[in-house]
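Trainee: Got protein35.txt for you, compact mmCIF, C-alpha atoms:
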# COMPACT_ATOMS: atom_id res chain seq x y z
CA MET A 1 -1.79 6.45 21.38
CA ASN A 2 -3.46 3.06 21.22
CA THR A 3 -1.78 1.14 18.41
CA THR A 4 -3.45 -2.15 19.31
CA THR A 5 -6.53 -1.32 17.22
CA ARG A 6 -4.58 -1.18 13.95
CA ARG A 7 -3.95 -4.54 12.30
CA PRO A 8 -0.56 -4.36 10.55
CA LEU A 9 -0.65 -4.64 6.76
CA ILE A 10 2.19 -6.03 4.66
CA ALA A 11 1.45 -5.27 1.01
CA GLY A 12 3.41 -6.49 -2.01
CA ASN A 13 3.42 -4.23 -5.08
CA TRP A 14 4.46 -6.48 -7.97
CA LYS A 15 4.68 -3.51 -10.36
CA MET A 16 5.11 -4.66 -14.00
CA ASN A 17 6.28 -8.18 -13.16
CA LEU A 18 4.78 -11.70 -13.44
CA ASP A 19 2.31 -12.76 -16.11
CA HIS A 20 -0.94 -14.47 -15.11
CA LEU A 21 0.59 -17.95 -15.02
CA GLN A 22 3.61 -16.79 -13.01
CA SER A 23 1.30 -14.98 -10.61
CA ILE A 24 -0.63 -18.20 -9.90
CA ALA A 25 2.58 -20.12 -9.21
CA PHE A 26 3.97 -17.36 -6.98
CA LEU A 27 0.77 -16.91 -4.99
CA GLN A 28 0.44 -20.65 -4.39
CA LYS A 29 4.01 -20.81 -3.10
CA LEU A 30 3.46 -17.77 -0.89
CA GLU A 31 0.32 -19.27 0.61
CA TRP A 32 2.10 -22.58 1.23
CA ALA A 33 5.10 -20.84 2.82
CA LEU A 34 2.89 -18.84 5.18
CA LYS A 35 0.75 -21.86 5.98
CA ASP A 36 3.87 -23.90 6.82
CA ALA A 37 4.93 -21.09 9.15
CA ASN A 38 1.46 -21.04 10.80
CA HIS A 39 0.99 -17.40 9.84
CA ASP A 40 -1.88 -15.69 11.65
CA TYR A 41 -3.62 -13.42 9.13
CA GLY A 42 -5.66 -11.96 11.96
CA ALA A 43 -2.45 -10.61 13.48
CA VAL A 44 -0.83 -9.39 10.24
CA GLU A 45 -2.82 -8.81 7.05
CA VAL A 46 -1.18 -9.71 3.74
CA ALA A 47 -2.11 -8.16 0.39
CA VAL A 48 -0.65 -8.39 -3.11
CA PHE A 49 -1.02 -5.98 -6.01
CA PRO A 50 -0.52 -7.81 -9.32
CA PRO A 51 -0.67 -6.31 -12.83
CA PHE A 52 -4.21 -5.94 -14.20
CA THR A 53 -3.83 -8.94 -16.53
CA ASP A 54 -3.20 -11.20 -13.51
CA LEU A 55 -6.14 -10.15 -11.38
CA ARG A 56 -8.72 -12.61 -12.71
CA SER A 57 -6.29 -15.50 -12.19
CA VAL A 58 -5.45 -14.30 -8.68
CA GLN A 59 -9.13 -13.88 -7.83
CA THR A 60 -9.98 -17.38 -9.07
CA LEU A 61 -7.18 -18.94 -7.02
CA VAL A 62 -7.97 -16.97 -3.86
CA SER A 63 -11.68 -17.77 -4.16
CA ALA A 64 -11.33 -21.46 -5.05
CA ASP A 65 -8.73 -22.31 -2.42
CA LYS A 66 -10.06 -19.84 0.18
CA TYR A 67 -6.79 -17.97 0.64
CA GLU A 68 -6.79 -15.25 3.27
CA ILE A 69 -4.41 -13.13 1.18
CA ALA A 70 -6.06 -9.90 0.02
CA PHE A 71 -5.41 -8.37 -3.39
CA GLY A 72 -5.89 -5.13 -5.24
CA GLY A 73 -5.13 -3.07 -8.33
CA GLN A 74 -2.02 -0.98 -8.91
CA ASP A 75 -4.08 1.97 -10.16
CA LEU A 76 -7.59 2.90 -11.27
CA SER A 77 -9.28 5.49 -13.44
CA ALA A 78 -10.96 8.55 -12.01
CA HIS A 79 -13.81 7.71 -14.42
CA ASP A 80 -16.46 5.00 -14.10
CA SER A 81 -16.62 4.09 -17.80
CA GLY A 82 -16.40 5.61 -21.25
CA ALA A 83 -13.90 6.58 -23.94
CA TYR A 84 -10.76 6.25 -21.81
CA THR A 85 -8.59 3.81 -23.74
CA GLY A 86 -6.22 1.83 -21.55
CA GLU A 87 -7.78 2.86 -18.25
CA ILE A 88 -9.33 0.55 -15.67
CA SER A 89 -12.52 1.42 -13.82
CA GLY A 90 -12.87 0.87 -10.11
CA ALA A 91 -16.09 -0.97 -10.97
CA PHE A 92 -14.01 -3.59 -12.80
CA LEU A 93 -11.70 -4.05 -9.81
CA SER A 94 -14.64 -4.29 -7.45
CA ALA A 95 -16.31 -6.93 -9.67
CA LEU A 96 -13.12 -9.00 -9.40
CA GLY A 97 -13.29 -8.97 -5.61
CA ALA A 98 -10.35 -6.62 -5.15
CA GLY A 99 -10.27 -5.01 -1.73
CA TYR A 100 -7.61 -2.38 -2.32
CA VAL A 101 -6.12 -0.14 -4.98
CA ILE A 102 -2.81 1.72 -4.96
CA ILE A 103 -3.23 5.39 -5.82
CA GLY A 104 -0.59 8.03 -6.51
CA HIS A 105 2.48 5.79 -6.51
CA SER A 106 5.59 7.85 -7.23
CA GLU A 107 6.08 5.99 -10.52
CA ARG A 108 2.62 7.10 -11.64
CA ARG A 109 3.41 10.65 -10.59
CA GLN A 110 6.82 10.60 -12.30
CA TYR A 111 6.07 8.75 -15.55
CA HIS A 112 2.42 9.65 -16.07
CA GLY A 113 2.32 13.16 -14.67
CA GLU A 114 -0.27 12.40 -12.01
CA THR A 115 -1.06 15.42 -9.88
CA ASP A 116 -2.30 15.61 -6.31
CA GLU A 117 -5.68 16.68 -7.71
CA LEU A 118 -5.90 13.57 -9.91
CA VAL A 119 -4.95 11.44 -6.94
CA ALA A 120 -7.86 13.00 -5.01
CA ALA A 121 -10.24 12.18 -7.88
CA LYS A 122 -8.99 8.58 -7.90
CA VAL A 123 -9.46 8.30 -4.13
CA ALA A 124 -13.07 9.40 -4.63
CA ALA A 125 -13.49 6.79 -7.40
CA ALA A 126 -12.06 4.06 -5.16
CA HIS A 127 -14.52 4.83 -2.39
CA LYS A 128 -17.40 5.05 -4.87
CA HIS A 129 -16.68 1.47 -5.93
CA GLY A 130 -16.08 0.03 -2.47
CA LEU A 131 -12.30 -0.14 -2.67
CA VAL A 132 -9.83 0.89 0.02
CA PRO A 133 -7.35 3.35 -1.49
CA VAL A 134 -3.70 2.92 -0.57
CA ILE A 135 -2.66 6.54 -0.95
CA CYS A 136 1.05 6.93 -1.70
CA VAL A 137 2.89 10.07 -0.66
CA GLY A 138 6.59 10.84 -0.58
CA GLU A 139 9.34 13.30 -1.36
CA THR A 140 12.31 13.32 -3.72
CA ALA A 141 15.85 13.99 -2.55
CA GLU A 142 15.43 17.55 -3.86
CA ASP A 143 12.16 18.00 -1.94
CA LEU A 144 13.84 16.72 1.20
CA GLU A 145 16.67 19.22 0.89
CA GLU A 146 14.40 22.14 0.04
CA HIS A 147 11.39 21.57 2.30
CA GLY A 148 12.49 19.17 5.04
CA PRO A 149 11.28 15.64 5.74
CA SER A 150 7.49 15.88 6.01
CA ALA A 151 6.29 19.02 4.21
CA VAL A 152 5.75 17.47 0.76
CA PRO A 153 4.11 14.20 1.94
CA VAL A 154 1.80 16.15 4.26
CA ALA A 155 0.76 18.52 1.44
CA GLN A 156 0.19 15.58 -0.92
CA LEU A 157 -1.98 13.77 1.64
CA ARG A 158 -3.97 16.89 2.47
CA THR A 159 -5.00 17.25 -1.18
CA ALA A 160 -5.56 13.51 -1.72
CA LEU A 161 -7.92 13.25 1.25
CA GLY A 162 -10.11 15.90 -0.34
CA GLY A 163 -11.46 13.00 -2.41
CA ALA A 164 -12.04 10.70 0.54
CA GLU A 165 -15.54 9.87 1.65
CA GLN A 166 -16.14 10.45 5.35
CA GLY A 167 -16.41 7.21 7.26
CA LYS A 168 -14.70 5.16 4.54
CA GLU A 169 -11.35 3.44 5.12
CA VAL A 170 -8.06 4.68 3.69
CA VAL A 171 -4.51 3.40 3.97
CA VAL A 172 -1.61 5.84 3.71
CA ALA A 173 1.77 4.71 2.37
CA TYR A 174 4.79 6.92 2.95
CA GLU A 175 7.33 6.13 0.24
CA PRO A 176 10.33 8.45 0.08
CA VAL A 177 11.14 8.57 -3.63
CA TRP A 178 14.85 8.66 -2.86
CA ALA A 179 14.57 5.26 -1.13
CA ILE A 180 12.46 3.33 -3.69
CA GLY A 181 14.54 0.70 -5.43
CA SER A 182 17.73 2.37 -4.25
CA GLY A 183 18.64 -0.19 -1.62
CA GLN A 184 18.92 2.79 0.72
CA ALA A 185 15.92 2.70 3.03
CA ALA A 186 14.95 5.52 5.33
CA THR A 187 15.93 4.86 8.92
CA ALA A 188 13.16 3.69 11.22
CA GLU A 189 13.37 7.07 12.96
CA GLN A 190 13.02 8.96 9.65
CA ALA A 191 9.98 6.86 8.73
CA GLU A 192 8.39 7.44 12.12
CA GLN A 193 8.97 11.19 11.93
CA VAL A 194 7.00 11.47 8.67
CA CYS A 195 4.32 8.90 9.55
CA ALA A 196 3.75 10.74 12.83
CA ALA A 197 3.20 13.95 10.82
CA LEU A 198 0.77 12.26 8.42
CA ARG A 199 -1.58 10.83 11.04
CA PRO A 200 -2.83 14.23 12.31
CA VAL A 201 -3.73 15.17 8.71
CA VAL A 202 -6.03 12.14 8.56
CA ALA A 203 -7.52 13.10 11.93
CA GLU A 204 -8.05 16.69 10.83
CA LEU A 205 -9.77 15.85 7.53
CA LEU A 206 -11.51 12.54 8.29
CA GLY A 207 -12.01 12.78 12.05
CA GLU A 208 -10.21 11.72 15.20
CA GLU A 209 -11.41 8.14 14.97
CA ALA A 210 -10.03 7.80 11.44
CA GLY A 211 -6.76 9.34 12.56
CA GLU A 212 -6.50 6.68 15.23
CA SER A 213 -7.54 3.69 13.09
CA THR A 214 -5.93 4.51 9.71
CA ARG A 215 -2.93 2.37 8.92
CA VAL A 216 0.17 4.25 7.79
CA LEU A 217 2.69 2.11 5.90
CA TYR A 218 6.33 2.68 5.06
CA GLY A 219 7.69 1.75 1.64
CA GLY A 220 11.12 2.06 0.06
CA SER A 221 13.78 -0.68 0.05
CA VAL A 222 11.98 -2.70 2.73
CA LYS A 223 13.68 -6.02 3.48
CA SER A 224 13.40 -8.80 6.03
CA GLY A 225 16.51 -7.36 7.67
CA ASN A 226 15.02 -3.91 8.35
CA ILE A 227 11.25 -4.49 8.66
CA ALA A 228 11.36 -5.16 12.41
CA GLY A 229 12.91 -1.74 13.05
CA PHE A 230 10.13 0.00 11.16
CA MET A 231 7.42 -2.01 12.87
CA ARG A 232 8.69 -1.02 16.32
CA GLN A 233 7.71 2.58 15.58
CA PRO A 234 4.36 3.65 17.06
CA ASN A 235 3.05 5.27 13.86
CA VAL A 236 4.26 2.68 11.31
CA ASP A 237 1.56 0.07 10.80
CA GLY A 238 3.02 -1.98 7.98
CA ALA A 239 4.93 -1.84 4.72
CA LEU A 240 4.34 -1.41 1.01
CA VAL A 241 7.02 -3.69 -0.40
CA GLY A 242 8.30 -3.45 -3.97
CA GLY A 243 11.19 -5.55 -5.25
CA ALA A 244 11.35 -7.80 -2.20
CA SER A 245 7.69 -8.81 -2.70
CA LEU A 246 8.78 -10.79 -5.79
CA GLN A 247 11.21 -12.88 -3.75
CA LEU A 248 9.25 -15.65 -2.07
CA GLU A 249 11.44 -16.30 0.97
CA GLU A 250 12.18 -12.62 1.50
CA PHE A 251 8.56 -11.51 1.31
CA SER A 252 7.32 -14.31 3.55
CA ALA A 253 10.01 -13.33 6.07
CA ILE A 254 8.83 -9.71 5.93
CA VAL A 255 5.24 -10.85 6.55
CA ARG A 256 6.46 -12.85 9.55
CA TYR A 257 8.36 -9.87 11.00
CA GLN A 258 6.89 -10.54 14.42
CA LYS A 259 9.12 -13.60 14.65
CA HIS A 260 12.17 -11.35 14.61
CA VAL A 261 10.93 -8.29 16.49
CA VAL A 262 12.76 -8.12 19.78
Taking this structure as input, can you express it in the form of structure tokens?

Mentor:
Amino acid sequence: MNTTTRRPLIAGNWKMNLDHLQSIAFLQKLEWALKDANHDYGAVEVAVFPPFTDLRSVQTLVSADKYEIAFGGQDLSAHDSGAYTGEISGAFLSALGAGYVIIGHSERRQYHGETDELVAAKVAAAHKHGLVPVICVGETAEDLEEHGPSAVPVAQLRTALGGAEQGKEVVVAYEPVWAIGSGQAATAEQAEQVCAALRPVVAELLGEEAGESTRVLYGGSVKSGNIAGFMRQPNVDGALVGGASLQLEEFSAIVRYQKHVV
């Protein structure tokens, strides 16, 4: 497999943290830290996913100061517009210059009852509005015990890709629910096992070229101390970082993982 064609992506999911003023301060510091370290965005892409109320501030800063950091929404509606109080249209995200949107995060599935079918509808909405969906899949500890390591994520992805438009980009994020926020990350070998099972699903449903080029991320208690191990795996192309993405030095160290890959 030729992994050289896939540019690694380190994505920071801020979840429900940082107001719009805090987001400006954090993003400025992150940009400065990476600039001081001579970070090559062409070698490793960086993206952040702030709360919706921060996005206009982030867009203004990125645009005015010409940051190379990408940004996206943490969710979107399956609908374009209408009587859907509290929902956010992909058209709104696209108008703000967002490049990405997280879809199907385990917290959305757990707390908001999102189904695989709804995730597929949201993937379709993302593509309709020119956004790259970051499709989250993962299993609980119970799923792992009952079905084994890759059965549930593979089934989730198979349904989600039913909403994908042929020829359009997707990113897949494998986030074992049992590892998120637990401090107990999957081993690099566990992550590789599942990511290696997800890639053929993309190839089957979106074509061989998409299977080869689609970036598959790992997420779940990612830190600067374990990122290098994940990135050595042939089918892990980056990370979706939660808590550590709110810690400036830690997140910038994760972005610069190539400095400590041996």

Trainee: Once you count all atoms listed in the file, what closest atom pair and distance in Å to one decimal does each residue of range 33-54 of chain A within 9 Å of range 76-100 of chain A have, with rows by chain and rising residue number, as a tab-separated table?

Mentor:
residue	atom	partner	partner_atom	distance
A:Ala47	CA	A:Tyr100	CA	8.4
A:Phe49	CA	A:Tyr100	CA	8.4
A:Phe52	CA	A:Ile88	CA	8.4

Trainee: At a cut-off of 9 Å, using all atoms listed in the file, what residues contact Val201 in chain A? Leave out same-chain residues fewer than 2 positions from it and give the result as an MDAnalysis selection string.

Mentor: chainID A and resid 154 157:158 161 197:199 203:206 211

Trainee: Could you give me, as a list of chain:residue names, the residues within 9 Å of Ala11 in chain A, counting all atoms listed in the file and dropping anything in the same chain fewer than 2 positions from it?

Mentor: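 Neighbouring residues, sequence-local ones excluded: A:Leu9, A:Asn13, A:Glu45, A:Val46, A:Ala47, A:Val48, A:Phe49, A:Ala70, A:Phe71, A:Leu217, A:Gly238, A:Ala239, A:Leu240, A:Val241, A:Gly242, A:Ser245, A:Val255.
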
Trainee: If I take CA of Arg7 in chain A and CA of Gly219 in chain A, how far is one from the other in Å, to one decimal?

Mentor: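 Rounded to one decimal, the two atoms are 17.0 Å apart.
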
Trainee: Set the distance at 12 Å and use only C-alpha atoms: which residues neighbour Ile254 in chain A once local chain neighbours fewer than 5 positions away are removed? I'd like the list as a PyMOL selection string.

Mentor: chain A and resi 8-12+30+34+39+44-46+221-231+238-242+244-249+259-261

Trainee: Quick one: of A:Gly167, A:Ala253, A:Lys122, A:His112, who's nearest to Glu208 in chain A, counting only C-alpha atoms?

Mentor: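 Among the listed residues, the smallest separation from Glu208 in chain A belongs to A:Gly167.
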
Trainee: When distances are computed from only C-alpha atoms, which of A:Glu114, A:Glu189, A:Asp54, A:Glu139 shows the smallest separation from Glu175 in chain A?

Mentor: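 Looking at the shortest contact to Glu175 in chain A, the residue is A:Glu139.
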
Trainee: Counting only C-alpha atoms, which of A:Ala191, A:Val137, A:Ala186, A:Val119 gets nearest to Val236 in chain A?

Mentor: A:Ala191

Trainee: If we count only C-alpha atoms, what is near Ala141 in chain A at a cut-off of 10 Å, once residues fewer than 6 positions away on the same chain are taken out, given as a list of chain:residue names?

Mentor: A:Gly148, A:Pro149, A:Pro176, A:Val177, A:Trp178, A:Ala179

Trainee: Quick check, in Å to one decimal: how far apart do CA of Tyr218 in chain A and CA of Tyr174 in chain A lie?

Mentor: 5.0 Å

Trainee: Can you work out the spacing between CA of Glu68 in chain A and CA of Arg56 in chain A in Å, to one decimal?

Mentor: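 Between these atoms lies a distance of 16.3 Å.
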
Trainee: Write out as a ChimeraX atom specification which residues come within 12 Å of Val170 in chain A when counting only C-alpha atoms, dropping same-chain ones fewer than 6 positions away.

Mentor: /A:99-103,123-124,126-127,130-136,157,160-161,163-164,199,202-203,205-206,210-217

Trainee: Would you list the residues near (-7.2, -23.3, -6.9), meaning any protein, DNA or RNA residue with an atom at most 12 Å from that point in file coordinates, counting all atoms listed in the file, as a list in words?

Mentor: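 Taken together, the residues in range are Ile24, Ala25, Leu27, Gln28, Glu31, Ser57, Val58, Gln59, Thr60, Leu61, Val62, Ser63, Ala64, Asp65, Lys66 and Tyr67 of chain A.
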
Trainee: From the list A:Gly220, A:Gly73, A:Pro200, A:Pro50, which residue is nearest Ala185 in chain A when using all atoms listed in the file?

Mentor: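 Using all atoms listed in the file, Ala185 in chain A sits closest to A:Gly220.
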
Trainee: My list of candidates is A:Gln190, A:Ser252, A:Thr5, A:Gln166. Which is closest to Trp32 in chain A when distances are computed with all atoms listed in the file?

Mentor: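 Between A:Gln190, A:Ser252, A:Thr5, A:Gln166, the residue approaching Trp32 in chain A most closely is A:Ser252.
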
Trainee: Could you please fill out range 83-96 of chain A with N, CA and C atoms and send it back as a PDB file, in the coordinates of the input?

Mentor:
ATOM      1  N   ALA A  83     -14.950   6.563 -22.920  1.00  0.00           N
ATOM      2  CA  ALA A  83     -13.900   6.580 -23.940  1.00  0.00           C
ATOM      3  C   ALA A  83     -12.556   6.949 -23.310  1.00  0.00           C
ATOM      4  N   TYR A  84     -12.031   6.032 -22.514  1.00  0.00           N
ATOM      5  CA  TYR A  84     -10.760   6.250 -21.810  1.00  0.00           C
ATOM      6  C   TYR A  84      -9.855   5.054 -22.066  1.00  0.00           C
ATOM      7  N   THR A  85      -9.371   4.963 -23.293  1.00  0.00           N
ATOM      8  CA  THR A  85      -8.590   3.810 -23.740  1.00  0.00           C
ATOM      9  C   THR A  85      -7.421   3.514 -22.800  1.00  0.00           C
ATOM     10  N   GLY A  86      -7.331   2.261 -22.388  1.00  0.00           N
ATOM     11  CA  GLY A  86      -6.220   1.830 -21.550  1.00  0.00           C
ATOM     12  C   GLY A  86      -6.435   2.003 -20.066  1.00  0.00           C
ATOM     13  N   GLU A  87      -7.536   2.660 -19.682  1.00  0.00           N
ATOM     14  CA  GLU A  87      -7.780   2.860 -18.250  1.00  0.00           C
ATOM     15  C   GLU A  87      -8.655   1.743 -17.675  1.00  0.00           C
ATOM     16  N   ILE A  88      -8.605   1.603 -16.366  1.00  0.00           N
ATOM     17  CA  ILE A  88      -9.330   0.550 -15.670  1.00  0.00           C
ATOM     18  C   ILE A  88     -10.260   1.171 -14.630  1.00  0.00           C
ATOM     19  N   SER A  89     -11.535   0.880 -14.747  1.00  0.00           N
ATOM     20  CA  SER A  89     -12.520   1.420 -13.820  1.00  0.00           C
ATOM     21  C   SER A  89     -12.474   0.708 -12.469  1.00  0.00           C
ATOM     22  N   GLY A  90     -12.747   1.473 -11.432  1.00  0.00           N
ATOM     23  CA  GLY A  90     -12.870   0.870 -10.110  1.00  0.00           C
ATOM     24  C   GLY A  90     -13.981  -0.163 -10.065  1.00  0.00           C
ATOM     25  N   ALA A  91     -14.993   0.011 -10.913  1.00  0.00           N
ATOM     26  CA  ALA A  91     -16.090  -0.970 -10.970  1.00  0.00           C
ATOM     27  C   ALA A  91     -15.559  -2.330 -11.410  1.00  0.00           C
ATOM     28  N   PHE A  92     -14.579  -2.323 -12.325  1.00  0.00           N
ATOM     29  CA  PHE A  92     -14.010  -3.590 -12.800  1.00  0.00           C
ATOM     30  C   PHE A  92     -13.240  -4.286 -11.670  1.00  0.00           C
ATOM     31  N   LEU A  93     -12.483  -3.497 -10.923  1.00  0.00           N
ATOM     32  CA  LEU A  93     -11.700  -4.050  -9.810  1.00  0.00           C
ATOM     33  C   LEU A  93     -12.631  -4.608  -8.742  1.00  0.00           C
ATOM     34  N   SER A  94     -13.683  -3.861  -8.458  1.00  0.00           N
ATOM     35  CA  SER A  94     -14.640  -4.290  -7.450  1.00  0.00           C
ATOM     36  C   SER A  94     -15.331  -5.593  -7.868  1.00  0.00           C
ATOM     37  N   ALA A  95     -15.657  -5.722  -9.156  1.00  0.00           N
ATOM     38  CA  ALA A  95     -16.310  -6.930  -9.670  1.00  0.00           C
ATOM     39  C   ALA A  95     -15.400  -8.149  -9.571  1.00  0.00           C
ATOM     40  N   LEU A  96     -14.091  -7.913  -9.541  1.00  0.00           N
ATOM     41  CA  LEU A  96     -13.120  -9.000  -9.400  1.00  0.00           C
ATOM     42  C   LEU A  96     -12.828  -9.336  -7.935  1.00  0.00           C
TER      43      LEU A  96
END
